[in-house]
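Asks: Compact mmCIF, C-alpha atoms and all ligand atoms, file work25.txt:
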```
# COMPACT_ATOMS: atom_id res chain seq x y z
CA MET B 21 237.36 43.08 22.08
CA ALA B 22 239.59 42.82 19.01
CA ARG B 23 239.15 39.62 17.06
CA ALA B 24 241.71 37.29 15.46
CA LEU B 25 240.65 34.76 12.83
CA LEU B 26 243.17 31.93 12.40
CA LEU B 27 242.78 29.73 9.32
CA GLU B 28 244.62 26.52 8.36
CA ASN B 29 245.49 25.42 11.89
CA PRO B 30 248.57 27.33 12.97
CA HIS B 31 250.16 25.81 16.10
CA PRO B 32 247.83 26.16 19.13
CA ASP B 33 250.56 27.97 21.11
CA ALA B 34 249.66 31.06 19.06
CA ASP B 35 246.28 31.37 20.79
CA PRO B 36 247.37 32.26 24.36
CA ILE B 37 249.89 34.79 23.03
CA LEU B 38 247.16 36.50 21.02
CA SER B 39 244.66 36.25 23.88
CA ARG B 40 247.10 37.97 26.24
CA ALA B 41 247.53 40.68 23.60
CA GLY B 42 243.78 41.33 23.81
CA PHE B 43 242.42 39.28 20.91
CA GLU B 44 239.47 36.96 20.98
CA VAL B 45 240.79 34.06 18.88
CA VAL B 46 238.49 32.29 16.43
CA ARG B 47 239.73 29.34 14.36
CA HIS B 48 238.67 27.77 11.09
CA PRO B 49 240.55 24.57 10.18
CA GLY B 50 240.89 24.95 6.41
CA ALA B 51 241.91 27.57 3.88
CA LEU B 52 239.15 29.81 2.49
CA GLY B 53 238.50 30.92 -1.08
CA GLU B 54 238.19 34.62 -1.87
CA ASP B 55 234.42 35.02 -1.37
CA ASP B 56 234.32 32.91 1.78
CA LEU B 57 237.28 34.79 3.17
CA ILE B 58 235.60 38.13 2.55
CA GLU B 59 232.54 36.89 4.42
CA ALA B 60 234.55 35.39 7.28
CA LEU B 61 236.52 38.61 7.82
CA ALA B 62 233.51 40.63 8.97
CA GLY B 63 234.39 42.09 12.37
CA VAL B 64 237.93 40.65 12.28
CA ASP B 65 241.01 42.76 13.17
CA LEU B 66 243.71 40.21 12.63
CA LEU B 67 243.93 37.43 10.06
CA GLY B 68 246.26 34.45 10.51
CA ILE B 69 246.85 32.10 7.56
CA ARG B 70 249.34 29.60 6.19
CA SER B 71 250.18 29.06 2.55
CA GLY B 72 246.76 27.89 1.33
CA THR B 73 244.78 31.13 1.65
CA GLN B 74 245.16 33.87 -0.97
CA VAL B 75 244.78 37.37 0.41
CA THR B 76 244.07 39.38 -2.72
CA GLU B 77 243.52 43.10 -3.22
CA ARG B 78 239.80 42.36 -3.50
CA VAL B 79 239.81 40.81 -0.02
CA LEU B 80 241.72 43.80 1.36
CA ASP B 81 239.38 46.24 -0.37
CA ALA B 82 236.46 44.57 1.38
CA HIS B 83 238.24 44.82 4.76
CA PRO B 84 240.63 47.78 4.71
CA GLY B 85 240.28 48.04 8.51
CA LEU B 86 242.29 44.86 9.14
CA THR B 87 245.20 45.68 11.44
CA ALA B 88 247.60 42.90 10.56
CA ILE B 89 248.02 39.61 8.72
CA GLY B 90 250.12 36.85 10.21
CA ALA B 91 251.50 34.34 7.72
CA PHE B 92 252.19 31.33 9.97
CA CYS B 93 254.68 30.00 7.43
CA ILE B 94 257.80 31.14 5.61
CA GLY B 95 256.58 32.43 2.24
CA THR B 96 254.29 35.42 1.73
CA ASN B 97 253.56 35.06 -2.01
CA GLN B 98 249.94 34.26 -1.14
CA ILE B 99 249.40 37.81 0.16
CA ASP B 100 249.22 40.97 -1.94
CA LEU B 101 251.86 42.68 0.20
CA ARG B 102 251.83 45.97 -1.66
CA ALA B 103 248.06 46.30 -1.48
CA ALA B 104 248.24 45.53 2.24
CA ALA B 105 250.94 48.17 2.82
CA ARG B 106 248.90 50.77 0.94
CA ARG B 107 246.09 50.19 3.42
CA GLY B 108 248.46 50.30 6.40
CA ILE B 109 248.01 46.59 7.09
CA ALA B 110 251.16 45.02 8.52
CA VAL B 111 252.17 41.52 7.40
CA PHE B 112 254.40 39.24 9.48
CA ASN B 113 255.85 35.80 8.71
CA ALA B 114 258.40 33.43 10.23
CA PRO B 115 261.49 33.57 8.04
CA PHE B 116 263.81 31.53 10.28
CA SER B 117 261.61 29.29 12.40
CA ASN B 118 262.07 26.09 10.38
CA THR B 119 265.71 26.44 9.41
CA ARG B 120 266.99 23.94 11.99
CA SER B 121 264.57 21.33 10.62
CA VAL B 122 266.06 21.78 7.13
CA VAL B 123 269.57 21.43 8.54
CA GLU B 124 268.70 18.19 10.31
CA LEU B 125 267.17 16.68 7.18
CA ALA B 126 270.23 17.68 5.16
CA VAL B 127 272.53 16.03 7.72
CA ALA B 128 270.46 12.85 7.68
CA GLU B 129 270.58 12.78 3.88
CA ILE B 130 274.31 13.48 3.68
CA ILE B 131 274.94 10.40 5.81
CA ALA B 132 272.27 8.34 4.04
CA LEU B 133 273.69 9.12 0.57
CA THR B 134 277.28 8.50 1.65
CA ARG B 135 276.30 5.09 3.14
CA ARG B 136 273.89 4.29 0.27
CA LEU B 137 271.35 3.71 3.01
CA THR B 138 268.21 3.84 0.89
CA VAL B 139 269.73 1.41 -1.63
CA ARG B 140 270.27 -1.13 1.17
CA ASP B 141 266.84 -0.40 2.63
CA LYS B 142 265.06 -0.92 -0.68
CA ALA B 143 266.89 -4.20 -1.30
CA MET B 144 265.90 -5.50 2.14
CA HIS B 145 262.26 -4.56 1.61
CA ALA B 146 262.43 -6.37 -1.73
CA GLY B 147 263.68 -9.47 0.13
CA THR B 148 267.38 -9.26 -0.90
CA TRP B 149 270.22 -9.59 1.61
CA ASP B 150 273.20 -7.69 0.14
CA LYS B 151 275.85 -7.10 2.80
CA THR B 152 278.66 -5.09 1.25
CA SER B 153 280.84 -2.09 1.96
CA SER B 154 281.10 -1.25 -1.72
CA GLY B 155 280.29 2.44 -2.34
CA SER B 156 279.68 3.09 1.39
CA HIS B 157 281.77 5.69 3.18
CA GLU B 158 282.03 7.51 6.47
CA VAL B 159 281.31 11.23 6.21
CA ARG B 160 284.23 11.98 8.52
CA GLY B 161 287.06 13.58 6.57
CA ARG B 162 284.98 14.18 3.44
CA THR B 163 284.41 17.68 2.07
CA LEU B 164 280.97 19.28 2.17
CA GLY B 165 280.41 22.19 -0.22
CA ILE B 166 277.63 24.52 0.93
CA VAL B 167 276.29 26.84 -1.75
CA GLY B 168 274.49 29.74 -0.02
CA TYR B 169 275.77 30.54 3.48
CA GLY B 170 272.63 32.07 4.97
CA ASN B 171 270.38 31.01 7.87
CA ILE B 172 270.43 27.36 6.82
CA GLY B 173 273.89 27.13 5.23
CA THR B 174 275.64 28.53 8.32
CA GLN B 175 273.86 26.19 10.76
CA LEU B 176 274.62 23.22 8.53
CA SER B 177 278.25 24.30 8.47
CA VAL B 178 278.49 24.09 12.27
CA VAL B 179 276.69 20.73 12.59
CA ALA B 180 278.64 19.21 9.68
CA GLU B 181 281.99 20.15 11.24
CA ALA B 182 280.89 18.45 14.45
CA LEU B 183 280.48 15.25 12.37
CA GLY B 184 284.05 15.57 11.12
CA LEU B 185 283.25 16.91 7.66
CA ARG B 186 285.51 19.54 6.13
CA VAL B 187 283.31 22.46 5.11
CA VAL B 188 283.80 24.81 2.18
CA PHE B 189 281.16 27.33 1.18
CA TYR B 190 280.39 29.76 -1.57
CA ASP B 191 278.11 32.79 -1.21
CA THR B 192 277.68 35.77 -3.51
CA ALA B 193 277.52 38.04 -0.45
CA GLU B 194 280.35 38.70 2.02
CA LYS B 195 279.89 36.12 4.83
CA LEU B 196 281.78 35.36 8.01
CA ALA B 197 283.15 31.80 7.93
CA LEU B 198 282.09 29.88 11.05
CA GLY B 199 284.42 27.42 12.77
CA ASN B 200 287.00 26.07 10.35
CA ALA B 201 284.80 26.50 7.27
CA HIS B 202 286.64 27.84 4.25
CA ARG B 203 285.13 30.28 1.80
CA THR B 204 285.86 29.56 -1.86
CA GLY B 205 286.32 32.36 -4.38
CA SER B 206 283.89 30.86 -6.88
CA LEU B 207 281.23 28.19 -7.27
CA ALA B 208 283.53 26.31 -9.65
CA GLU B 209 286.25 26.17 -6.99
CA LEU B 210 283.76 24.72 -4.49
CA LEU B 211 282.50 22.14 -6.97
CA ALA B 212 286.04 21.00 -7.80
CA VAL B 213 286.83 20.01 -4.18
CA SER B 214 283.51 18.86 -2.69
CA ASP B 215 282.50 15.23 -2.11
CA ILE B 216 278.99 16.43 -1.33
CA VAL B 217 277.42 19.60 -2.75
CA THR B 218 274.34 21.07 -1.07
CA LEU B 219 272.30 24.06 -2.28
CA HIS B 220 270.92 26.58 0.23
CA VAL B 221 270.56 29.75 -1.83
CA ASP B 222 267.46 31.91 -1.84
CA GLY B 223 264.89 32.04 -4.61
CA ARG B 224 265.72 35.39 -6.20
CA PRO B 225 264.78 35.34 -9.91
CA GLY B 226 268.42 35.55 -11.01
CA ASN B 227 269.05 32.13 -9.44
CA ALA B 228 266.69 30.32 -11.83
CA GLY B 229 268.64 27.55 -13.54
CA MET B 230 271.86 28.45 -11.70
CA PHE B 231 272.83 24.77 -11.39
CA ASP B 232 272.79 23.17 -14.82
CA ARG B 233 274.97 20.89 -16.96
CA ARG B 234 278.02 23.12 -16.57
CA GLN B 235 277.92 22.95 -12.76
CA PHE B 236 277.25 19.18 -12.69
CA GLU B 237 280.24 18.69 -14.98
CA GLN B 238 282.43 20.77 -12.66
CA MET B 239 281.64 18.45 -9.72
CA LYS B 240 284.10 15.75 -8.61
CA HIS B 241 283.44 12.34 -10.15
CA GLY B 242 281.30 10.34 -7.72
CA ALA B 243 280.23 13.32 -5.59
CA ALA B 244 276.71 13.53 -4.15
CA PHE B 245 274.25 16.37 -4.64
CA LEU B 246 271.48 17.82 -2.43
CA ASN B 247 268.85 20.46 -3.11
CA LEU B 248 266.59 21.50 -0.24
CA SER B 249 266.28 25.11 -1.37
CA ARG B 250 264.19 25.79 -4.50
CA GLY B 251 263.19 23.52 -7.36
CA PHE B 252 263.66 25.97 -10.22
CA LEU B 253 267.39 26.36 -9.52
CA VAL B 254 268.45 22.99 -10.86
CA ASP B 255 268.43 21.18 -14.20
CA TYR B 256 267.05 17.85 -12.98
CA ALA B 257 267.17 16.24 -16.45
CA THR B 258 270.96 16.57 -16.36
CA LEU B 259 271.03 15.32 -12.77
CA ARG B 260 269.20 12.18 -13.93
CA GLU B 261 271.71 11.66 -16.72
CA LYS B 262 274.65 12.08 -14.31
CA ILE B 263 273.16 9.65 -11.79
CA LEU B 264 272.62 7.05 -14.50
CA ASP B 265 276.16 7.38 -15.89
CA GLY B 266 277.61 7.19 -12.36
CA SER B 267 279.37 10.56 -12.37
CA ILE B 268 277.07 11.67 -9.52
CA SER B 269 276.87 8.94 -6.86
CA GLY B 270 273.57 10.00 -5.32
CA ALA B 271 271.19 12.86 -4.73
CA ALA B 272 268.64 14.09 -2.21
CA VAL B 273 265.96 16.39 -3.56
CA ASP B 274 263.19 18.03 -1.51
CA VAL B 275 262.05 20.76 -3.90
CA PHE B 276 260.78 20.61 -7.47
CA PRO B 277 259.93 23.12 -10.20
CA ASN B 278 256.29 21.95 -10.34
CA GLU B 279 255.08 20.57 -7.06
CA PRO B 280 251.66 18.92 -6.74
CA ARG B 281 249.10 21.17 -5.09
CA GLY B 282 247.75 18.76 -2.54
CA ASN B 283 248.42 15.54 -0.68
CA GLY B 284 247.49 12.52 -2.75
CA ASP B 285 248.02 14.34 -6.06
CA PRO B 286 250.28 12.48 -8.52
CA PHE B 287 253.98 13.33 -8.50
CA GLU B 288 255.94 13.25 -11.76
CA SER B 289 259.68 13.76 -11.97
CA GLU B 290 262.61 12.54 -14.04
CA LEU B 291 264.27 11.70 -10.73
CA ARG B 292 261.85 8.94 -9.77
CA ASN B 293 263.14 5.37 -9.53
CA LEU B 294 266.84 6.19 -9.67
CA PRO B 295 269.36 4.42 -7.42
CA ASN B 296 270.62 6.27 -4.35
CA VAL B 297 268.26 9.17 -4.98
CA ILE B 298 266.18 10.31 -2.01
CA LEU B 299 263.02 12.23 -2.91
CA THR B 300 260.96 14.05 -0.28
CA PRO B 301 257.81 16.14 -0.78
CA HIS B 302 259.16 19.59 0.28
CA VAL B 303 259.29 18.58 3.93
CA GLY B 304 262.67 20.11 4.79
CA GLY B 305 261.04 22.56 7.17
CA SER B 306 258.05 20.42 8.11
CA THR B 307 258.42 19.29 11.70
CA GLN B 308 256.25 19.70 14.77
CA GLU B 309 259.00 21.79 16.35
CA ALA B 310 259.12 24.15 13.36
CA GLN B 311 255.33 24.58 13.50
CA GLU B 312 255.56 25.41 17.20
CA ASN B 313 258.38 27.90 16.58
CA ILE B 314 256.36 29.51 13.80
CA GLY B 315 253.26 29.78 16.04
CA HIS B 316 255.25 31.52 18.77
CA PHE B 317 257.20 33.75 16.44
CA VAL B 318 254.35 35.10 14.32
CA ALA B 319 251.89 35.48 17.22
CA GLY B 320 254.58 37.31 19.19
CA LYS B 321 255.31 39.72 16.34
CA ILE B 322 251.61 40.48 15.94
CA ALA B 323 251.18 40.97 19.69
CA LYS B 324 254.02 43.49 19.73
CA TYR B 325 252.57 45.27 16.73
CA ALA B 326 249.11 45.40 18.28
CA ASN B 327 250.27 46.65 21.67
CA ALA B 328 253.46 48.56 21.01
CA GLY B 329 253.36 49.37 17.27
CA SER B 330 256.59 47.45 16.73
CA THR B 331 257.11 46.42 13.10
CA ASP B 332 260.27 44.46 13.82
CA LEU B 333 260.63 41.99 10.91
CA ALA B 334 257.39 43.10 9.23
CA VAL B 335 257.39 42.04 5.60
CA ASN B 336 255.75 45.07 4.01
CA LEU B 337 256.11 48.07 6.35
CA PRO B 338 259.21 49.98 7.49
CA ARG B 339 260.79 48.00 10.33
CA LEU B 340 260.77 49.80 13.67
CA SER B 341 261.83 47.90 16.75
CA LEU B 342 260.08 49.83 19.50
CA PRO B 343 260.69 49.46 23.20
CA ALA B 344 257.82 49.57 25.68
CA SER B 345 257.55 52.95 27.37
CA ASP B 346 257.10 53.44 31.11
CA SER B 347 256.22 57.09 30.91
CA ALA B 348 254.35 57.57 27.61
CA ARG B 349 250.59 57.58 28.06
CA TYR B 350 249.88 57.20 24.39
CA ARG B 351 251.73 55.99 21.33
CA ILE B 352 250.46 57.15 17.96
CA ALA B 353 251.38 54.71 15.21
CA PHE B 354 250.98 56.36 11.85
CA VAL B 355 251.40 54.65 8.48
CA HIS B 356 251.46 57.11 5.60
CA ARG B 357 252.50 57.70 2.02
CA ASN B 358 256.18 58.53 1.99
CA THR B 359 255.91 62.05 0.55
CA PRO B 360 258.06 65.04 1.58
CA GLY B 361 256.72 67.17 4.41
CA VAL B 362 254.37 64.65 6.05
CA LEU B 363 256.35 64.45 9.29
CA ALA B 364 256.60 68.24 9.56
CA LEU B 365 252.86 68.54 9.08
CA VAL B 366 252.14 65.89 11.72
CA ASN B 367 254.39 67.57 14.27
CA GLN B 368 252.99 71.00 13.51
CA THR B 369 249.49 69.62 14.08
CA PHE B 370 250.50 68.05 17.41
CA ALA B 371 252.27 71.25 18.51
CA GLU B 372 249.24 73.38 17.69
CA HIS B 373 247.17 71.21 20.02
CA GLY B 374 249.66 71.32 22.88
CA ALA B 375 250.77 67.67 22.72
CA ASN B 376 253.93 66.92 24.65
CA ILE B 377 255.97 64.64 22.38
CA GLU B 378 258.22 62.42 24.45
CA GLY B 379 259.83 60.48 21.65
CA GLN B 380 259.45 59.90 17.95
CA ILE B 381 260.85 57.49 15.41
CA LEU B 382 260.40 57.33 11.65
CA GLY B 383 261.12 54.61 9.12
CA THR B 384 260.47 54.49 5.39
CA LEU B 385 260.23 51.64 2.91
CA GLY B 386 259.70 52.72 -0.69
CA GLU B 387 256.36 54.44 -0.98
CA ILE B 388 255.43 53.78 2.68
CA GLY B 389 256.43 55.76 5.78
CA TYR B 390 255.81 54.76 9.40
CA VAL B 391 256.18 57.24 12.24
CA VAL B 392 255.60 56.42 15.87
CA THR B 393 255.12 59.22 18.37
CA ASP B 394 255.06 58.80 22.17
CA ILE B 395 253.01 61.36 24.06
CA SER B 396 253.17 61.89 27.79
CA SER B 397 250.38 64.50 27.99
CA GLU B 398 246.64 64.11 27.57
CA LEU B 399 245.71 62.62 24.19
CA PRO B 400 245.41 65.50 21.70
CA ARG B 401 242.16 64.21 20.24
CA GLU B 402 241.71 67.04 17.77
CA ALA B 403 245.24 66.62 16.47
CA VAL B 404 244.68 62.88 16.11
CA ALA B 405 241.48 63.56 14.17
CA ALA B 406 243.26 66.10 11.95
CA VAL B 407 246.16 63.74 11.18
CA SER B 408 243.71 60.90 10.46
CA GLU B 409 242.11 63.09 7.81
CA MET B 410 245.38 64.04 6.05
CA GLU B 411 245.63 63.09 2.40
CA ASP B 412 248.71 60.93 2.88
CA THR B 413 247.39 59.03 5.89
CA LEU B 414 247.05 55.27 5.37
CA ARG B 415 246.45 54.19 8.95
CA LEU B 416 246.55 55.82 12.36
CA ARG B 417 246.34 53.82 15.57
CA VAL B 418 246.37 55.20 19.11
CA LEU B 419 247.89 52.76 21.61
CA ALA B 420 247.35 53.43 25.30
CA ARG B 421 250.25 52.57 27.66
CA PRO B 422 252.36 51.23 24.77
CA GLY B 423 254.05 47.89 25.06
CA SER B 424 252.45 46.19 28.03
CA SER B 425 254.51 43.20 29.18
CA ASP B 426 252.16 40.65 27.61
CA ALA B 427 253.35 41.72 24.19
CA ASP B 428 256.95 40.77 24.87
CA GLU B 429 256.70 37.09 24.08
CA ASP B 430 257.81 36.44 20.55
CA GLU B 431 260.19 33.50 20.29
N1 LIG J 501 262.92 22.60 1.87
C1 LIG J 501 262.26 23.35 2.71
O1 LIG J 501 261.25 22.96 3.27
C2 LIG J 501 262.77 24.74 3.00
C3 LIG J 501 262.49 25.33 4.24
C4 LIG J 501 263.06 26.58 4.52
C5 LIG J 501 263.80 27.23 3.55
N2 LIG J 501 264.00 26.67 2.33
C6 LIG J 501 264.79 27.32 1.29
O2 LIG J 501 266.16 27.23 1.64
C7 LIG J 501 266.89 28.30 1.03
C8 LIG J 501 267.82 28.94 2.02
O3 LIG J 501 267.08 29.49 3.10
P1 LIG J 501 267.80 30.49 4.12
O4 LIG J 501 266.80 30.84 5.17
O5 LIG J 501 269.12 29.95 4.51
O6 LIG J 501 268.01 31.73 3.15
P2 LIG J 501 268.98 33.00 3.38
O7 LIG J 501 268.36 34.10 2.60
O8 LIG J 501 269.25 33.18 4.82
O9 LIG J 501 270.35 32.53 2.69
C9 LIG J 501 270.52 32.43 1.31
C10 LIG J 501 271.99 32.71 1.03
O10 LIG J 501 272.24 32.40 -0.34
C11 LIG J 501 273.12 33.40 -0.86
N3 LIG J 501 272.99 33.38 -2.31
C12 LIG J 501 271.96 33.84 -3.06
N4 LIG J 501 272.18 33.57 -4.36
C13 LIG J 501 273.37 32.92 -4.43
C14 LIG J 501 274.11 32.36 -5.48
N5 LIG J 501 273.67 32.39 -6.75
N6 LIG J 501 275.30 31.78 -5.20
C15 LIG J 501 275.75 31.71 -3.92
N7 LIG J 501 275.09 32.23 -2.87
C16 LIG J 501 273.90 32.81 -3.12
C17 LIG J 501 272.67 34.67 -0.19
O11 LIG J 501 273.66 35.66 -0.22
C18 LIG J 501 272.38 34.16 1.23
O12 LIG J 501 273.51 34.24 2.06
C19 LIG J 501 265.82 29.25 0.48
O13 LIG J 501 265.71 29.05 -0.91
C20 LIG J 501 264.54 28.81 1.17
O14 LIG J 501 263.41 29.07 0.39
C21 LIG J 501 263.52 25.41 2.05
```
Can you give me the file's structure in the form of structure tokens?
Replies:
Amino acid sequence: MARALLLENPHPDADPILSRAGFEVVRHPGALGEDDLIEALAGVDLLGIRSGTQVTERVLDAHPGLTAIGAFCIGTNQIDLRAAARRGIAVFNAPFSNTRSVVELAVAEIIALTRRLTVRDKAMHAGTWDKTSSGSHEVRGRTLGIVGYGNIGTQLSVVAEALGLRVVFYDTAEKLALGNAHRTGSLAELLAVSDIVTLHVDGRPGNAGMFDRRQFEQMKHGAAFLNLSRGFLVDYATLREKILDGSISGAAVDVFPNEPRGNGDPFESELRNLPNVILTPHVGGSTQEAQENIGHFVAGKIAKYANAGSTDLAVNLPRLSLPASDSARYRIAFVHRNTPGVLALVNQTFAEHGANIEGQILGTLGEIGYVVTDISSELPREAVAAVSEMEDTLRLRVLARPGSSDADEDE
């Protein structure tokens, strides 16, 4: 029986999905260092991790037979993706599963900043009764500027309109405006009209420092600012200055350029102890529901890869969304170096051994190619052996009765 090792406690809902896909699931609660991981991977086909386990080239070299790695989280920086692809090891993550959680936190903070909720709360806890409407506003009728109209920005747009906010957004890519949201032609235009500015752009290197003194000075006097995207995008020293001089009325910040490694570690930031500034320890996506969604999503993707060869939303292999087949007896899933002539050679080899090819699909991603071939005849064992031995072969898997129904559960 194939074996799945799950580290760092992904949601338990992952286990039955993997069991139905034919894996014996073994769990280890914590992250593992390189040597311990190499030891623990003996006899393992599938590795599941979160962000605390580094999967280096050395680990992959020790276990090149791994079939797949499931990152039960959003980021995949902890995995050497290229090294995995070169060994035909598929990597899956959960890019969208926590986006609603981020949206809900942003909504809560937009209201909290606009009502100066944490200022009132702190005063009460300090024993001061200070009942006033000064500086407190409804969000209804105010303008929310969303910078980055992707998975999170678009959902926030819809929820914010339901609260009566006017929504403007700016995105460098062409995006469909949802509801009554209005797209601005530039970031400066958005900043000039927004009562609340919220950042939801991705972390591409070019975005480093994208929001600095110039952008803060283009904001409306008294506007509020939120960043729940990436810490390195924003000049927080200038944000501090603008909070203290009153030109920014409040801020909510969930992400920082240097975040402590573990719980209980000290947290230093120029944004500490400022009025109407809400600081959270990168918990935008951290809810029980998001963890459950991630468990379902990643386990489902792995199950489909194991049983049907589907690389739908794989991080490091060409993405092929493969249907189950009623008539194919075998599916040959073949990861190879993307060099000219490989497909022709594979098909010639199958033809020479009398294989009846029912369907075939090819995808390429940079140096990697992935071809999936459905066969309705007897398995051409000699052809399979010959293709396995080809110079450009990275991984060949033979799947019997591809795509059994158990593999269809992924969200
Ligand atoms: N705080 C958390 O816990 C948490 C959780 C999940 C995601 N995130 C972060 O939230 C951000 C958004 O996530 P997403 O899933 O919506 O990403 P996404 O990739 O779906 O959307 C990002 C959008 O930003 C746009 N964009 C990129 N650079 C831009 C720029 N300079 N100006 C304007 N638009 C720009 C892109 O075109 C895209 O539409 C990411 O940085 C992600 O890492 C944080």
Asks: When you count only C-alpha atoms, which of these residues is closest to Val318 of chain B: B:Phe112, B:Phe189, B:Phe252, B:Phe43?
Replies: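 Closest candidate: B:Phe112.
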Asks: Between B:Ala24, B:Ala62, B:Ala310, B:Val122, which has the minimum distance to ligand LIG 501 (chain J) (counting all atoms listed in the file)?
Replies: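 Closest residue, counting all atoms listed in the file: B:Val122.
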Asks: Tell me which of B:Ala180, B:Ile58, B:Ala420, B:Val123 sits closest to ligand LIG 501 (chain J), counting only C-alpha atoms and all ligand atoms.
Replies: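 Ranked by minimum distance to ligand LIG 501 (chain J), first place goes to B:Val123.
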Asks: For Thr384 of chain B, work out the shell of residues within 8 Å, counting all atoms listed in the file and skipping chain neighbours fewer than 3 positions away, then give it as a list in words.
Replies: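 Once the adjacent positions are removed, what remains is Leu337, Pro338, Asn358, Glu387, Ile388, Gly389 and Tyr390 of chain B.
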Asks: Please provide the set of residues having any atom within 9 Å of Gln175 of chain B, restricted to all atoms listed in the file, with same-chain residues fewer than 4 positions apart removed, written as JSON, numbers by chain.
Replies: {"B": [119, 120, 123, 169, 170, 171, 179, 180]}
Asks: Can you pull out every residue within 12 Å of Ser154 of chain B, counting all atoms listed in the file, but drop anything in the same chain fewer than 4 positions away, and send it as a list of chain:residue names?
Replies: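 Once the nearby chain positions are removed, what remains is B:Thr134, B:Arg135, B:Arg136, B:Leu137, B:Val139, B:Arg140, B:Asp150.
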Asks: Could you produce a table of the residues of chain B lying within 7 Å of ligand LIG 501 (chain J), with the nearest pair of atoms per residue and their separation in Å rounded to one decimal, using all atoms listed in the file, ordered by chain and increasing residue number, as a Markdown table?
Replies:
```
| residue | atom | partner | partner_atom | distance |
| --- | --- | --- | --- | --- |
| B:Pro115 | CA | J:LIG501 | O4 | 6.6 |
| B:Phe116 | CA | J:LIG501 | O4 | 6.0 |
| B:Asn118 | CA | J:LIG501 | C4 | 6.0 |
| B:Thr119 | CA | J:LIG501 | C4 | 5.6 |
| B:Val122 | CA | J:LIG501 | C3 | 5.8 |
| B:Val167 | CA | J:LIG501 | C15 | 5.4 |
| B:Gly168 | CA | J:LIG501 | O10 | 3.5 |
| B:Tyr169 | CA | J:LIG501 | O12 | 4.6 |
| B:Gly170 | CA | J:LIG501 | O9 | 3.3 |
| B:Asn171 | CA | J:LIG501 | O5 | 3.7 |
| B:Ile172 | CA | J:LIG501 | O5 | 3.7 |
| B:Gly173 | CA | J:LIG501 | O5 | 5.6 |
| B:Tyr190 | CA | J:LIG501 | C15 | 5.6 |
| B:Asp191 | CA | J:LIG501 | N7 | 3.5 |
| B:Thr192 | CA | J:LIG501 | N7 | 4.4 |
| B:Ala193 | CA | J:LIG501 | O11 | 4.5 |
| B:His220 | CA | J:LIG501 | C8 | 4.3 |
| B:Val221 | CA | J:LIG501 | O10 | 3.5 |
| B:Asp222 | CA | J:LIG501 | O13 | 3.5 |
| B:Gly223 | CA | J:LIG501 | O13 | 4.8 |
| B:Arg224 | CA | J:LIG501 | N4 | 7.0 |
| B:Asn227 | CA | J:LIG501 | N5 | 5.4 |
| B:Met230 | CA | J:LIG501 | N5 | 6.6 |
| B:Leu248 | CA | J:LIG501 | N1 | 4.4 |
| B:Ser249 | CA | J:LIG501 | O2 | 3.7 |
| B:Arg250 | CA | J:LIG501 | O13 | 5.1 |
| B:Asp274 | CA | J:LIG501 | N1 | 5.7 |
| B:Val275 | CA | J:LIG501 | N1 | 6.1 |
| B:His302 | CA | J:LIG501 | O1 | 5.0 |
| B:Val303 | CA | J:LIG501 | O1 | 4.8 |
| B:Gly304 | CA | J:LIG501 | O1 | 3.5 |
| B:Gly305 | CA | J:LIG501 | O1 | 3.9 |
| B:Ser306 | CA | J:LIG501 | O1 | 6.3 |
```
Asks: For Glu309 of chain B, which of B:Ser117, B:Val45, B:Leu176, B:Gly184 is the closest residue, counting only C-alpha atoms?
Replies: B:Ser117
Asks: Using all atoms listed in the file, can you list as a VMD selection string the residues within 6 Å of (254.4, 18.0, -4.7)?
Replies: chain B and resid 279 to 280 301
Asks: Go ahead and compute the interatomic distance for atom CA of Asp55 of chain B and atom CA of Arg78 of chain B, in Å to one decimal.
Replies: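 Spanning atom CA of Asp55 of chain B to atom CA of Arg78 of chain B is a straight-line distance of 9.3 Å.
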Asks: For atom CA of Ala132 of chain B and atom CA of Leu198 of chain B, determine how far apart the two atoms are, in Å to one decimal place.
Replies: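 Result for atom CA of Ala132 of chain B versus atom CA of Leu198 of chain B: 24.7 Å, one decimal.
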Asks: Record the distance separating atom CA of Leu246 of chain B and atom CA of Thr300 of chain B, expressed in Å with one decimal.
Replies: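 Those two atoms sit 11.4 Å apart.
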Asks: Quick one: everything within 10 Å of Glu411 of chain B, counting all atoms listed in the file, minus sequence neighbours fewer than 6 positions away in the same chain. Send it as a count of residues only.
Replies: 3
Asks: Determine, counting all atoms listed in the file, which protein, DNA and RNA residues have an atom within 7 Å of an atom of His316 of chain B; residues of the same chain fewer than 2 positions away are not included. Present the result as a count of residues only.
Replies: 10
Asks: Identify the residues within 9 Å of coordinate (257.7, 49.2, 14.5) (same frame as the file), considering only C-alpha atoms, and give the answer as a ChimeraX atom specification.
Replies: /B:324-325,328-334,337-342,353,381,383,390-392
Asks: Have a look at B:Ile322, B:Val187, B:Ile37, B:Leu264 and name the one nearest to Ile109 of chain B; count only C-alpha atoms.
Replies: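 Closest residue, counting only C-alpha atoms: B:Ile322.
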